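Quick notes on the structure that follows.
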Amino acid sequence: MAHRFRGQVVVVTGASSGIGRAAAHEFARQGATLVLAARSHESLEAAAAECRRLGAPEAIAIPTDVADEHAVKDLIGTTTSRFGRIDVFVGNAALFVYGLFEQTPTDSFKRVVDTNLYGHLNAITHLLPHWKQRRKGTYVLVGSIQSLLSAPYQSAYVTSKHAALGLVDVLGDEYAGTGIRFTSLLPSTIDTPIYQNGANYTGKASHPLPPTVSVERAGRAVVHAALHPKRYRFVGRVQASLVPLQYVFPGLFHLITKPMVETFALRGRQEPTDGNLHVPAEAGNATNGGWVAKRRRVTRPLVWGGALAVAAALVLRSRARRPTLTGR
Ligand SMILES: NC(=O)c1ccc[n+]([C@@H]2O[C@H](COP(=O)([O-])OP(=O)(O)OC[C@H]3O[C@@H](n4cnc5c(N)ncnc54)[C@H](OP(=O)(O)O)[C@@H]3O)[C@@H](O)[C@H]2O)c1
């Protein structure tokens, strides 16, 4: 994929961190002109500078809260007046909350839905007149495997992700054949700071549910989705394989989900927090969450230790079996 986006204008929301930042890097390598949106001005400026270094002819930061319709309208208006058009819009910004339904404050629930569902509605509403005039445009929804799967302790997130996929699915049907395309990326667990930055009302520390896929792979998948828009694209096969399980064997699926989350995703103590719901995370917000590196720090010594133990056992066994001359 060399410079496939040269001459194209791409807007990425949630570009100050995680998958959005990694996708922006990949679009920059492909020569796209980039407009980066999120709430944190400082992190966005840093991401824009990275994109220029990676090859974007232009990359600008426009601080935007996607839950604010006026701000999203301004984002789209400023981009089209400055660059003449928007070819691809990546709706990636999202907020995450861990908490049983009864632990999650109603305001936090609504804040998540305002961002993760109405953020898309705000963007699509103001993109459509522009795209209808041009008779083309591609909307990439960064959904989640939880757009299809239930997950206890995540009622707000799962509700918002199911609803956003529903919206984009219907629009995909309604605009089929018009040149305006809607595509949904459904990632499994990705190594981003969302688990450190999100709200958490459980009293337990949050961890990504394994296995964790690298953020760079997710960033490349976003670019691939924009290039070849299909209805759905999954990132991470293991958790995707749970989708048929939920719908074909719901009894079994719903039996394992709560213990699975309690065992793997919520471990150790942590004070309840609103996380980044109302204010963006600290500047310097990273692209990856450090989870893959942490896993490697734990698993590498285990793998090497195991390999050495097996090798030592084999050597000892072959020595023990070697016949001695005196024994003949
Ligand atoms: N990481 C995973 O395991 C995973 C799995 C499946 C799907 N996803 C999806 O992937 C997407 C990116 O998540 P991530 O893991 O990369 O999370 P992340 O590192 O926390 O990044 C989220 C981004 O969204 C921005 N954002 C949050 N609320 C916003 C708002 N109201 N207005 C504008 N920007 C806002 C954040 O920036 P500011 O704080 O500066 O606004 C940040 O740039 C999300 O849609 C998420 O649901 C993630």
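Just so we're on the same page: first chain in the structure tokens is A, next is B, and so on; residues restart at 1 for each chain, and ligands are numbered from 1 in the order they show up.
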
- Message: Env of A:Asp169: 12 Å cut, atoms = only C-alpha atoms, seq-sep filter 4 positions within chain, self excluded. Answer as a PyMOL selection string.
- Response: chain A and resi 139-141+143+147+162-165+173-176+181-185+230-232

May I have the residues within 12 Å of A:Ser241 as a PDB file with N, CA and C atoms, in the first residue's frame, using only C-alpha atoms and disregarding those fewer than 5 positions away in the same chain?
ATOM      1  N   ILE A 145     -16.014  -5.383  18.889  1.00  0.00           N
ATOM      2  CA  ILE A 145     -16.609  -6.716  18.916  1.00  0.00           C
ATOM      3  C   ILE A 145     -17.850  -6.652  19.828  1.00  0.00           C
ATOM      4  N   LEU A 148     -21.480  -6.387  18.793  1.00  0.00           N
ATOM      5  CA  LEU A 148     -22.239  -7.616  18.542  1.00  0.00           C
ATOM      6  C   LEU A 148     -22.380  -8.485  19.785  1.00  0.00           C
ATOM      7  N   LEU A 149     -21.443  -8.350  20.715  1.00  0.00           N
ATOM      8  CA  LEU A 149     -21.426  -9.235  21.896  1.00  0.00           C
ATOM      9  C   LEU A 149     -21.870  -8.506  23.152  1.00  0.00           C
ATOM     10  N   SER A 188     -11.415  -6.565  18.420  1.00  0.00           N
ATOM     11  CA  SER A 188     -11.408  -7.233  19.732  1.00  0.00           C
ATOM     12  C   SER A 188     -10.511  -6.383  20.637  1.00  0.00           C
ATOM     13  N   PHE A 234     -13.338  -7.558  10.975  1.00  0.00           N
ATOM     14  CA  PHE A 234     -12.964  -7.882  12.361  1.00  0.00           C
ATOM     15  C   PHE A 234     -11.456  -7.707  12.542  1.00  0.00           C
ATOM     16  N   VAL A 235     -11.031  -7.311  13.724  1.00  0.00           N
ATOM     17  CA  VAL A 235      -9.600  -7.314  14.064  1.00  0.00           C
ATOM     18  C   VAL A 235      -9.471  -8.192  15.303  1.00  0.00           C
ATOM     19  N   GLY A 236      -8.772  -9.331  15.161  1.00  0.00           N
ATOM     20  CA  GLY A 236      -8.648 -10.263  16.296  1.00  0.00           C
ATOM     21  C   GLY A 236      -9.651 -11.391  16.158  1.00  0.00           C
ATOM     22  N   GLN A 246     -22.435 -16.678  20.898  1.00  0.00           N
ATOM     23  CA  GLN A 246     -23.512 -15.950  21.589  1.00  0.00           C
ATOM     24  C   GLN A 246     -24.871 -16.200  20.926  1.00  0.00           C
ATOM     25  N   TYR A 247     -24.884 -16.227  19.577  1.00  0.00           N
ATOM     26  CA  TYR A 247     -26.182 -16.309  18.901  1.00  0.00           C
ATOM     27  C   TYR A 247     -26.658 -17.755  18.662  1.00  0.00           C
ATOM     28  N   VAL A 248     -25.708 -18.707  18.590  1.00  0.00           N
ATOM     29  CA  VAL A 248     -26.118 -20.093  18.335  1.00  0.00           C
ATOM     30  C   VAL A 248     -26.286 -20.860  19.655  1.00  0.00           C
ATOM     31  N   PHE A 253     -22.848 -19.207  26.151  1.00  0.00           N
ATOM     32  CA  PHE A 253     -22.132 -17.923  26.099  1.00  0.00           C
ATOM     33  C   PHE A 253     -22.400 -17.112  27.366  1.00  0.00           C
TER      34      PHE A 253
END

- Shell of 7 Å around ligand 1 (only C-alpha atoms and all ligand atoms), written as a PyMOL selection string: chain A and resi 13-20+37-40+43+64-67+92-96+115+142-145+186-194+197-198+208+276-277+279-281+287

What does the file look like for those residues with C-alpha atoms, as an mmCIF file, in the first residue's frame?
data_model
loop_
_atom_site.group_PDB
_atom_site.id
_atom_site.type_symbol
_atom_site.label_atom_id
_atom_site.label_comp_id
_atom_site.auth_asym_id
_atom_site.auth_seq_id
_atom_site.Cartn_x
_atom_site.Cartn_y
_atom_site.Cartn_z
ATOM 1 C CA THR A 13 -11.793 11.519 15.411
ATOM 2 C CA GLY A 14 -10.203 10.275 18.625
ATOM 3 C CA ALA A 15 -6.815 10.800 16.977
ATOM 4 C CA SER A 16 -5.025 11.915 20.156
ATOM 5 C CA SER A 17 -4.614 8.350 21.458
ATOM 6 C CA GLY A 18 -4.807 4.635 20.726
ATOM 7 C CA ILE A 19 -6.322 3.290 17.508
ATOM 8 C CA GLY A 20 -7.143 6.767 16.140
ATOM 9 C CA ALA A 37 -9.990 15.665 16.113
ATOM 10 C CA ALA A 38 -10.347 14.898 19.842
ATOM 11 C CA ARG A 39 -10.769 17.051 22.953
ATOM 12 C CA SER A 40 -7.129 17.276 24.062
ATOM 13 C CA SER A 43 -2.015 15.492 22.451
ATOM 14 C CA THR A 64 -13.568 18.875 19.022
ATOM 15 C CA ASP A 65 -15.931 17.181 21.441
ATOM 16 C CA VAL A 66 -17.852 14.828 19.136
ATOM 17 C CA ALA A 67 -20.839 14.844 21.507
ATOM 18 C CA ASN A 92 -13.305 6.462 16.078
ATOM 19 C CA ALA A 93 -13.657 8.646 19.228
ATOM 20 C CA ALA A 94 -15.188 6.803 22.154
ATOM 21 C CA LEU A 95 -15.411 6.618 25.933
ATOM 22 C CA PHE A 96 -15.280 3.454 27.994
ATOM 23 C CA THR A 115 -20.081 10.308 22.551
ATOM 24 C CA VAL A 142 -14.684 2.094 14.545
ATOM 25 C CA GLY A 143 -17.126 -0.086 16.431
ATOM 26 C CA SER A 144 -16.104 -3.007 18.608
ATOM 27 C CA ILE A 145 -16.609 -6.716 18.916
ATOM 28 C CA LEU A 186 -15.105 -4.448 14.821
ATOM 29 C CA PRO A 187 -11.924 -4.793 16.876
ATOM 30 C CA SER A 188 -11.408 -7.233 19.732
ATOM 31 C CA THR A 189 -9.106 -6.196 22.592
ATOM 32 C CA ILE A 190 -6.463 -3.755 21.341
ATOM 33 C CA ASP A 191 -3.385 -2.514 23.209
ATOM 34 C CA THR A 192 -4.406 1.113 23.873
ATOM 35 C CA PRO A 193 -4.655 3.391 26.935
ATOM 36 C CA ILE A 194 -8.470 3.017 27.007
ATOM 37 C CA ASN A 197 -8.141 6.194 30.878
ATOM 38 C CA GLY A 198 -11.716 4.941 31.051
ATOM 39 C CA PRO A 208 -7.755 -5.818 28.800
ATOM 40 C CA ASN A 276 -11.645 10.693 30.995
ATOM 41 C CA LEU A 277 -15.448 11.005 30.723
ATOM 42 C CA VAL A 279 -11.949 15.834 30.834
ATOM 43 C CA PRO A 280 -9.443 14.361 28.390
ATOM 44 C CA ALA A 281 -6.619 12.182 29.669
ATOM 45 C CA THR A 287 -0.690 5.360 21.129
#

Sel. of strand (DSSP E or B) residues, stretch 102-170 of chain A, as a JSON list (two decimals) with all heavy atoms, in the first residue's frame:
[["chain", "number", "residue", "atom", "x", "y", "z"],
["A", 137, "GLY", "N", -17.99, 9.45, -0.77],
["A", 137, "GLY", "CA", -17.50, 9.68, 0.59],
["A", 137, "GLY", "C", -17.53, 8.35, 1.33],
["A", 137, "GLY", "O", -18.38, 7.51, 1.04],
["A", 138, "THR", "N", -16.57, 8.15, 2.23],
["A", 138, "THR", "CA", -16.52, 6.88, 2.97],
["A", 138, "THR", "C", -16.52, 7.15, 4.47],
["A", 138, "THR", "O", -15.67, 7.90, 4.97],
["A", 138, "THR", "CB", -15.24, 6.09, 2.59],
["A", 138, "THR", "OG1", -15.26, 5.86, 1.18],
["A", 138, "THR", "CG2", -15.15, 4.76, 3.33],
["A", 139, "TYR", "N", -17.47, 6.54, 5.16],
["A", 139, "TYR", "CA", -17.53, 6.66, 6.62],
["A", 139, "TYR", "C", -17.04, 5.35, 7.23],
["A", 139, "TYR", "O", -17.63, 4.29, 6.99],
["A", 139, "TYR", "CB", -18.97, 6.94, 7.09],
["A", 139, "TYR", "CG", -19.01, 7.40, 8.53],
["A", 139, "TYR", "CD1", -18.90, 8.75, 8.85],
["A", 139, "TYR", "CD2", -19.14, 6.49, 9.57],
["A", 139, "TYR", "CE1", -18.91, 9.19, 10.16],
["A", 139, "TYR", "CE2", -19.14, 6.92, 10.89],
["A", 139, "TYR", "CZ", -19.04, 8.27, 11.18],
["A", 139, "TYR", "OH", -19.04, 8.71, 12.49],
["A", 140, "VAL", "N", -15.96, 5.44, 8.00],
["A", 140, "VAL", "CA", -15.45, 4.24, 8.70],
["A", 140, "VAL", "C", -15.88, 4.34, 10.16],
["A", 140, "VAL", "O", -15.44, 5.24, 10.88],
["A", 140, "VAL", "CB", -13.91, 4.14, 8.61],
["A", 140, "VAL", "CG1", -13.42, 2.88, 9.31],
["A", 140, "VAL", "CG2", -13.42, 4.19, 7.18],
["A", 141, "LEU", "N", -16.75, 3.44, 10.56],
["A", 141, "LEU", "CA", -17.14, 3.37, 11.97],
["A", 141, "LEU", "C", -16.13, 2.47, 12.68],
["A", 141, "LEU", "O", -15.96, 1.31, 12.28],
["A", 141, "LEU", "CB", -18.53, 2.75, 12.12],
["A", 141, "LEU", "CG", -18.91, 2.32, 13.55],
["A", 141, "LEU", "CD1", -19.30, 3.51, 14.39],
["A", 141, "LEU", "CD2", -20.04, 1.30, 13.53],
["A", 142, "VAL", "N", -15.46, 3.00, 13.70],
["A", 142, "VAL", "CA", -14.68, 2.09, 14.54],
["A", 142, "VAL", "C", -15.64, 1.66, 15.66],
["A", 142, "VAL", "O", -15.91, 2.40, 16.60],
["A", 142, "VAL", "CB", -13.40, 2.74, 15.08],
["A", 142, "VAL", "CG1", -12.64, 1.74, 15.96],
["A", 142, "VAL", "CG2", -12.52, 3.21, 13.93],
["A", 154, "GLN", "N", -20.31, -3.61, 31.41],
["A", 154, "GLN", "CA", -20.08, -2.60, 30.37],
["A", 154, "GLN", "C", -21.38, -2.17, 29.71],
["A", 154, "GLN", "O", -21.43, -2.00, 28.49],
["A", 154, "GLN", "CB", -19.12, -3.16, 29.31],
["A", 154, "GLN", "CG", -17.73, -3.45, 29.86],
["A", 154, "GLN", "CD", -16.89, -4.25, 28.89],
["A", 154, "GLN", "OE1", -16.84, -3.95, 27.71],
["A", 154, "GLN", "NE2", -16.23, -5.27, 29.38]]

- In stretch 195-310 of chain A, what's alpha helix (DSSP H) per DSSP? Answer as a ChimeraX atom specification? /A:195-197,215-227,237-240,242-248,250-260,291-310
